[in-house]
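> Please read through the structure below; I'll follow up with questions.
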Amino acid sequence: QVQLVESGGGLVQAGASLRLSCAASGRTFSSSAMGWFRQAPGKEREFVAHISSTGRSTYYADSVKGRFTISRDNAKNTVYLQMNSLKPEDTAVYYCAASLKYSWFFRQSMGVSVDAYDYWGQGTQVTVSS
């Protein structure tokens with residue numbers, strides 16, 4: 001069993017930065033690929049970024065590439081999402097997710113699907129005002 005708890009969301013102005021954290025419980029964290037997704041009101045949950053179990057491999061949605069950075073600290077059982085140059089269209093609830101099936105995605109596109117992940121956090125709200 002894995003429990004994920006996100007934190008770090010909030011209300012910021014366009015151009016600001018936020019760092020989201022996702023604290024994981026369970027012994028499988030260090031062997032799990034992790035992902036961040038987001039869901040805006042009335043929209044489908046969409047992929048943001050994923051990271052391999054070692055942290056050596058990362059992948060981003062085109063919409064956040066160059067602005068967001070995913071990282072992890074396996075000693076702290078925590079994955080992060082550093083978000084810079086935030087835009088109003090980044091407003092959403094952000095979720096972290098853990099994959100028990102994969103420690104890394106040999107095709108990056110595999111980690112884009114919600115089906116690649118087995119556990120989800122409760123989400124943290126990010127609101128970016130213009």
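Just so we're on the same page: first chain in the structure tokens is A, next is B, and so on; residues restart at 1 for each chain, and ligands are numbered from 1 in the order they show up.
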Contacts of region 53-70 of chain A at 7 Å or less, counting only C-alpha atoms, minus same-chain residues fewer than 5 places along, as a list in words?

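Once the nearby chain positions are removed, what remains is Ser30, Ser31, Ser32, Ala33, Phe47, Val48, Tyr80, Leu81, Gln82, Met83, Asn84, Ser85, Ser103, Trp104 and Gln108 of chain A.
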
> Suppose we keep all heavy atoms; can you now write the selection as a compact mmCIF listing (two decimals), in the first residue's frame?


```txt
# COMPACT_ATOMS: atom_id res chain seq x y z
N SER A 30 11.02 4.01 -3.64
CA SER A 30 12.29 4.14 -4.35
C SER A 30 12.36 3.27 -5.60
O SER A 30 13.28 3.44 -6.41
CB SER A 30 13.45 3.80 -3.41
OG SER A 30 13.35 2.47 -2.97
N SER A 31 11.43 2.37 -5.78
CA SER A 31 11.42 1.54 -6.98
C SER A 31 10.28 1.91 -7.92
O SER A 31 10.04 1.22 -8.91
CB SER A 31 11.33 0.06 -6.61
OG SER A 31 10.13 -0.20 -5.91
N SER A 32 9.58 2.99 -7.61
CA SER A 32 8.40 3.39 -8.40
C SER A 32 8.68 4.60 -9.26
O SER A 32 9.22 5.61 -8.76
CB SER A 32 7.23 3.72 -7.46
OG SER A 32 6.84 2.60 -6.73
N ALA A 33 8.26 4.53 -10.52
CA ALA A 33 8.19 5.74 -11.31
C ALA A 33 7.07 6.61 -10.74
O ALA A 33 6.06 6.09 -10.25
CB ALA A 33 7.92 5.42 -12.77
N PHE A 47 -1.60 14.85 -18.17
CA PHE A 47 -0.23 14.58 -17.77
C PHE A 47 0.57 15.86 -17.70
O PHE A 47 0.42 16.75 -18.55
CB PHE A 47 0.40 13.62 -18.77
CG PHE A 47 1.89 13.49 -18.66
CD1 PHE A 47 2.46 12.74 -17.65
CD2 PHE A 47 2.72 14.12 -19.57
CE1 PHE A 47 3.83 12.63 -17.54
CE2 PHE A 47 4.09 14.01 -19.49
CZ PHE A 47 4.65 13.27 -18.47
N VAL A 48 1.45 15.96 -16.70
CA VAL A 48 2.35 17.10 -16.56
C VAL A 48 3.81 16.65 -16.70
O VAL A 48 4.55 17.18 -17.53
CB VAL A 48 2.15 17.80 -15.21
CG1 VAL A 48 3.17 18.92 -15.02
CG2 VAL A 48 0.73 18.35 -15.08
N TYR A 80 9.01 16.13 -6.14
CA TYR A 80 8.74 17.56 -6.22
C TYR A 80 8.35 17.98 -7.63
O TYR A 80 8.71 17.33 -8.61
CB TYR A 80 9.99 18.35 -5.81
CG TYR A 80 10.53 18.00 -4.45
CD1 TYR A 80 11.58 17.10 -4.31
CD2 TYR A 80 9.98 18.56 -3.29
CE1 TYR A 80 12.08 16.76 -3.07
CE2 TYR A 80 10.47 18.22 -2.04
CZ TYR A 80 11.53 17.33 -1.94
OH TYR A 80 12.02 17.00 -0.70
N LEU A 81 7.64 19.09 -7.70
CA LEU A 81 7.38 19.73 -8.98
C LEU A 81 7.64 21.22 -8.79
O LEU A 81 6.84 21.91 -8.15
CB LEU A 81 5.95 19.49 -9.46
CG LEU A 81 5.65 20.02 -10.87
CD1 LEU A 81 6.42 19.22 -11.92
CD2 LEU A 81 4.15 19.97 -11.16
N GLN A 82 8.76 21.68 -9.32
CA GLN A 82 9.08 23.10 -9.30
C GLN A 82 8.42 23.75 -10.50
O GLN A 82 8.68 23.35 -11.64
CB GLN A 82 10.60 23.30 -9.35
CG GLN A 82 11.02 24.76 -9.40
CD GLN A 82 10.72 25.51 -8.13
OE1 GLN A 82 10.94 25.01 -7.03
NE2 GLN A 82 10.18 26.72 -8.26
N MET A 83 7.58 24.74 -10.24
CA MET A 83 6.84 25.40 -11.31
C MET A 83 7.23 26.87 -11.36
O MET A 83 7.00 27.61 -10.41
CB MET A 83 5.32 25.26 -11.05
CG MET A 83 4.87 23.82 -10.84
SD MET A 83 3.08 23.66 -10.71
CE MET A 83 2.79 24.56 -9.20
N ASN A 84 7.83 27.26 -12.46
CA ASN A 84 8.25 28.64 -12.67
C ASN A 84 7.44 29.28 -13.79
O ASN A 84 6.82 28.59 -14.60
CB ASN A 84 9.73 28.69 -13.02
CG ASN A 84 10.62 28.15 -11.91
OD1 ASN A 84 10.28 28.23 -10.74
ND2 ASN A 84 11.75 27.58 -12.30
N SER A 85 7.47 30.59 -13.83
CA SER A 85 6.77 31.35 -14.89
C SER A 85 5.33 30.86 -15.05
O SER A 85 4.86 30.58 -16.16
CB SER A 85 7.52 31.21 -16.23
OG SER A 85 8.86 31.66 -16.10
N SER A 103 9.29 1.05 -12.91
CA SER A 103 10.30 1.88 -12.25
C SER A 103 10.84 2.92 -13.23
O SER A 103 11.39 3.94 -12.82
CB SER A 103 11.45 1.02 -11.72
OG SER A 103 12.03 0.28 -12.78
N TRP A 104 10.66 2.64 -14.52
CA TRP A 104 10.97 3.62 -15.55
C TRP A 104 10.17 3.25 -16.79
O TRP A 104 9.70 2.13 -16.94
CB TRP A 104 12.47 3.66 -15.86
CG TRP A 104 13.00 2.42 -16.48
CD1 TRP A 104 13.20 1.21 -15.89
CD2 TRP A 104 13.39 2.23 -17.85
NE1 TRP A 104 13.68 0.30 -16.78
CE2 TRP A 104 13.82 0.89 -17.99
CE3 TRP A 104 13.43 3.08 -18.96
CZ2 TRP A 104 14.28 0.39 -19.20
CZ3 TRP A 104 13.90 2.57 -20.16
CH2 TRP A 104 14.31 1.25 -20.28
N GLN A 108 8.77 6.83 -23.30
CA GLN A 108 8.31 7.93 -22.45
C GLN A 108 6.80 8.10 -22.49
O GLN A 108 6.17 8.47 -21.50
CB GLN A 108 9.00 9.24 -22.88
CG GLN A 108 10.51 9.24 -22.75
CD GLN A 108 10.98 9.39 -21.31
OE1 GLN A 108 10.31 8.95 -20.38
NE2 GLN A 108 12.12 10.00 -21.12
```

> Pick out each residue of chain A that DSSP on the backbone tags as helix (DSSP H, G or I); I need them as an MDAnalysis selection string.

chainID A and resid 29:31 88:90 108:112 114:116

> Report as a list in words all protein, DNA and RNA residues lying within 10 Å of Val5 (chain A), evaluated on only C-alpha atoms, omitting residues in the same chain fewer than 4 positions from it.

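Residues near the query, excluding close chain neighbours: Ser21, Cys22, Ala23, Ala24, Ser25, Thr78, Tyr95, Cys96, Ala97, Trp120, Gly121, Gln122, Gly123 and Thr124 of chain A.
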
> Using N, CA, C and O atoms, can you export the residues from the last selection as a PDB file, in the first residue's frame?


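The new file part34.pdb reads:
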```pdb
ATOM      1  N   SER A  21       5.133  19.464  -3.389  1.00  0.00           N
ATOM      2  CA  SER A  21       5.774  18.283  -2.821  1.00  0.00           C
ATOM      3  C   SER A  21       4.750  17.165  -2.737  1.00  0.00           C
ATOM      4  O   SER A  21       3.558  17.412  -2.558  1.00  0.00           O
ATOM      5  N   CYS A  22       5.245  15.951  -2.844  1.00  0.00           N
ATOM      6  CA  CYS A  22       4.397  14.775  -2.693  1.00  0.00           C
ATOM      7  C   CYS A  22       5.146  13.799  -1.804  1.00  0.00           C
ATOM      8  O   CYS A  22       6.161  13.223  -2.217  1.00  0.00           O
ATOM      9  N   ALA A  23       4.647  13.637  -0.584  1.00  0.00           N
ATOM     10  CA  ALA A  23       5.271  12.733   0.370  1.00  0.00           C
ATOM     11  C   ALA A  23       4.618  11.365   0.268  1.00  0.00           C
ATOM     12  O   ALA A  23       3.386  11.256   0.312  1.00  0.00           O
ATOM     13  N   ALA A  24       5.445  10.351   0.148  1.00  0.00           N
ATOM     14  CA  ALA A  24       4.936   8.989  -0.032  1.00  0.00           C
ATOM     15  C   ALA A  24       5.272   8.123   1.167  1.00  0.00           C
ATOM     16  O   ALA A  24       6.357   8.233   1.753  1.00  0.00           O
ATOM     17  N   SER A  25       4.344   7.272   1.521  1.00  0.00           N
ATOM     18  CA  SER A  25       4.599   6.257   2.534  1.00  0.00           C
ATOM     19  C   SER A  25       4.677   4.914   1.830  1.00  0.00           C
ATOM     20  O   SER A  25       4.131   4.726   0.760  1.00  0.00           O
ATOM     21  N   THR A  78      10.037  11.562  -1.249  1.00  0.00           N
ATOM     22  CA  THR A  78       9.315  12.741  -1.711  1.00  0.00           C
ATOM     23  C   THR A  78       9.648  13.037  -3.171  1.00  0.00           C
ATOM     24  O   THR A  78      10.807  12.926  -3.589  1.00  0.00           O
ATOM     25  N   TYR A  95      -2.111  16.524  -8.998  1.00  0.00           N
ATOM     26  CA  TYR A  95      -2.055  15.221  -8.350  1.00  0.00           C
ATOM     27  C   TYR A  95      -0.712  14.549  -8.612  1.00  0.00           C
ATOM     28  O   TYR A  95      -0.203  14.600  -9.736  1.00  0.00           O
ATOM     29  N   CYS A  96      -0.176  13.905  -7.584  1.00  0.00           N
ATOM     30  CA  CYS A  96       0.961  13.037  -7.844  1.00  0.00           C
ATOM     31  C   CYS A  96       0.467  11.592  -7.880  1.00  0.00           C
ATOM     32  O   CYS A  96      -0.584  11.268  -7.318  1.00  0.00           O
ATOM     33  N   ALA A  97       1.236  10.764  -8.546  1.00  0.00           N
ATOM     34  CA  ALA A  97       0.839   9.379  -8.751  1.00  0.00           C
ATOM     35  C   ALA A  97       2.071   8.482  -8.720  1.00  0.00           C
ATOM     36  O   ALA A  97       3.158   8.895  -9.135  1.00  0.00           O
ATOM     37  N   TRP A 120      -2.748   7.341  -6.167  1.00  0.00           N
ATOM     38  CA  TRP A 120      -2.910   8.768  -6.403  1.00  0.00           C
ATOM     39  C   TRP A 120      -3.068   9.508  -5.086  1.00  0.00           C
ATOM     40  O   TRP A 120      -3.641   8.975  -4.141  1.00  0.00           O
ATOM     41  N   GLY A 121      -2.565  10.737  -5.055  1.00  0.00           N
ATOM     42  CA  GLY A 121      -2.797  11.593  -3.912  1.00  0.00           C
ATOM     43  C   GLY A 121      -4.153  12.271  -4.011  1.00  0.00           C
ATOM     44  O   GLY A 121      -4.892  12.080  -4.984  1.00  0.00           O
ATOM     45  N   GLN A 122      -4.454  13.083  -3.014  1.00  0.00           N
ATOM     46  CA  GLN A 122      -5.757  13.744  -2.956  1.00  0.00           C
ATOM     47  C   GLN A 122      -5.780  15.050  -3.754  1.00  0.00           C
ATOM     48  O   GLN A 122      -6.839  15.597  -4.006  1.00  0.00           O
ATOM     49  N   GLY A 123      -4.618  15.526  -4.137  1.00  0.00           N
ATOM     50  CA  GLY A 123      -4.519  16.722  -4.957  1.00  0.00           C
ATOM     51  C   GLY A 123      -4.278  17.985  -4.149  1.00  0.00           C
ATOM     52  O   GLY A 123      -4.631  18.070  -2.970  1.00  0.00           O
ATOM     53  N   THR A 124      -3.667  18.971  -4.799  1.00  0.00           N
ATOM     54  CA  THR A 124      -3.451  20.282  -4.201  1.00  0.00           C
ATOM     55  C   THR A 124      -3.794  21.336  -5.247  1.00  0.00           C
ATOM     56  O   THR A 124      -3.424  21.214  -6.419  1.00  0.00           O
TER      57      THR A 124
END
```

> Using CA of Ala16 (chain A) and CA of Gln125 (chain A) as the two end points, give the distance in Å to one decimal.

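Result for CA of Ala16 (chain A) versus CA of Gln125 (chain A): 15.2 Å, one decimal.
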
> Point out the residue among A:Arg107, A:Arg38, A:Arg45, A:His50 with the least atom-to-atom distance to Val93 (chain A), counting only C-alpha atoms.

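The answer is A:Arg38, which sits nearest to Val93 (chain A).
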
> Write out as a list in words which residues come within 9 Å of Tyr117 (chain A) when counting only C-alpha atoms, dropping same-chain ones fewer than 3 positions away.

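In the requested form, the answer reads Ala33, Met34, Gly35, Ala97, Ala98, Ser99, Leu100, Lys101, Tyr102, Gly111, Ser113, Val114 and Trp120 of chain A.
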
> For the residues in that selection, give me N, CA and C atoms as a short mmCIF file (atom, residue, chain, number, x, y, z; two decimals), in the first residue's frame.


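The resulting file, out06.cif, is shown below:
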```
data_model
loop_
_atom_site.label_atom_id
_atom_site.label_comp_id
_atom_site.auth_asym_id
_atom_site.auth_seq_id
_atom_site.Cartn_x
_atom_site.Cartn_y
_atom_site.Cartn_z
N ALA A 33 8.26 4.53 -10.52
CA ALA A 33 8.19 5.74 -11.31
C ALA A 33 7.07 6.61 -10.74
N MET A 34 7.26 7.92 -10.79
CA MET A 34 6.28 8.85 -10.22
C MET A 34 5.86 9.85 -11.29
N GLY A 35 4.64 10.31 -11.16
CA GLY A 35 4.15 11.29 -12.12
C GLY A 35 3.36 12.40 -11.46
N ALA A 97 1.24 10.76 -8.55
CA ALA A 97 0.84 9.38 -8.75
C ALA A 97 2.07 8.48 -8.72
N ALA A 98 1.87 7.27 -8.24
CA ALA A 98 2.95 6.29 -8.14
C ALA A 98 2.62 5.07 -8.98
N SER A 99 3.63 4.58 -9.68
CA SER A 99 3.45 3.38 -10.48
C SER A 99 4.15 2.21 -9.80
N LEU A 100 3.39 1.17 -9.50
CA LEU A 100 4.00 -0.06 -8.99
C LEU A 100 4.44 -0.96 -10.13
N LYS A 101 3.87 -0.70 -11.32
CA LYS A 101 4.18 -1.55 -12.47
C LYS A 101 5.52 -1.18 -13.09
N TYR A 102 5.89 0.08 -13.00
CA TYR A 102 7.07 0.56 -13.71
C TYR A 102 8.01 1.32 -12.78
N GLY A 111 4.31 6.68 -19.78
CA GLY A 111 4.05 7.35 -18.51
C GLY A 111 3.10 8.51 -18.60
N SER A 113 -0.06 8.17 -19.62
CA SER A 113 -1.41 7.66 -19.36
C SER A 113 -1.66 7.48 -17.88
N VAL A 114 -2.87 7.82 -17.43
CA VAL A 114 -3.23 7.59 -16.03
C VAL A 114 -3.20 6.10 -15.69
N TRP A 120 -2.75 7.34 -6.17
CA TRP A 120 -2.91 8.77 -6.40
C TRP A 120 -3.07 9.51 -5.09
#
```

> Just list as a VMD selection string whatever in region 15-121 of chain A DSSP marks as strand (DSSP E or B).

chain A and resid 18 to 25 33 to 39 46 to 51 58 to 60 68 to 73 78 to 83 92 to 99 119 to 120

> Give the answer as one residue: which of A:Gly8, A:Val128, A:Phe29, A:Glu89 has the shortest atom-to-atom distance to Asn74 (chain A), using only C-alpha atoms?

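Under the stated criterion, the closest residue is A:Phe29.
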
> Restricting the calculation to only C-alpha atoms: of A:Thr28, A:Ser17, A:Ala40, A:Tyr94, which residue gets closest to Val2 (chain A)?

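Smallest distance to Val2 (chain A) is found for A:Thr28.
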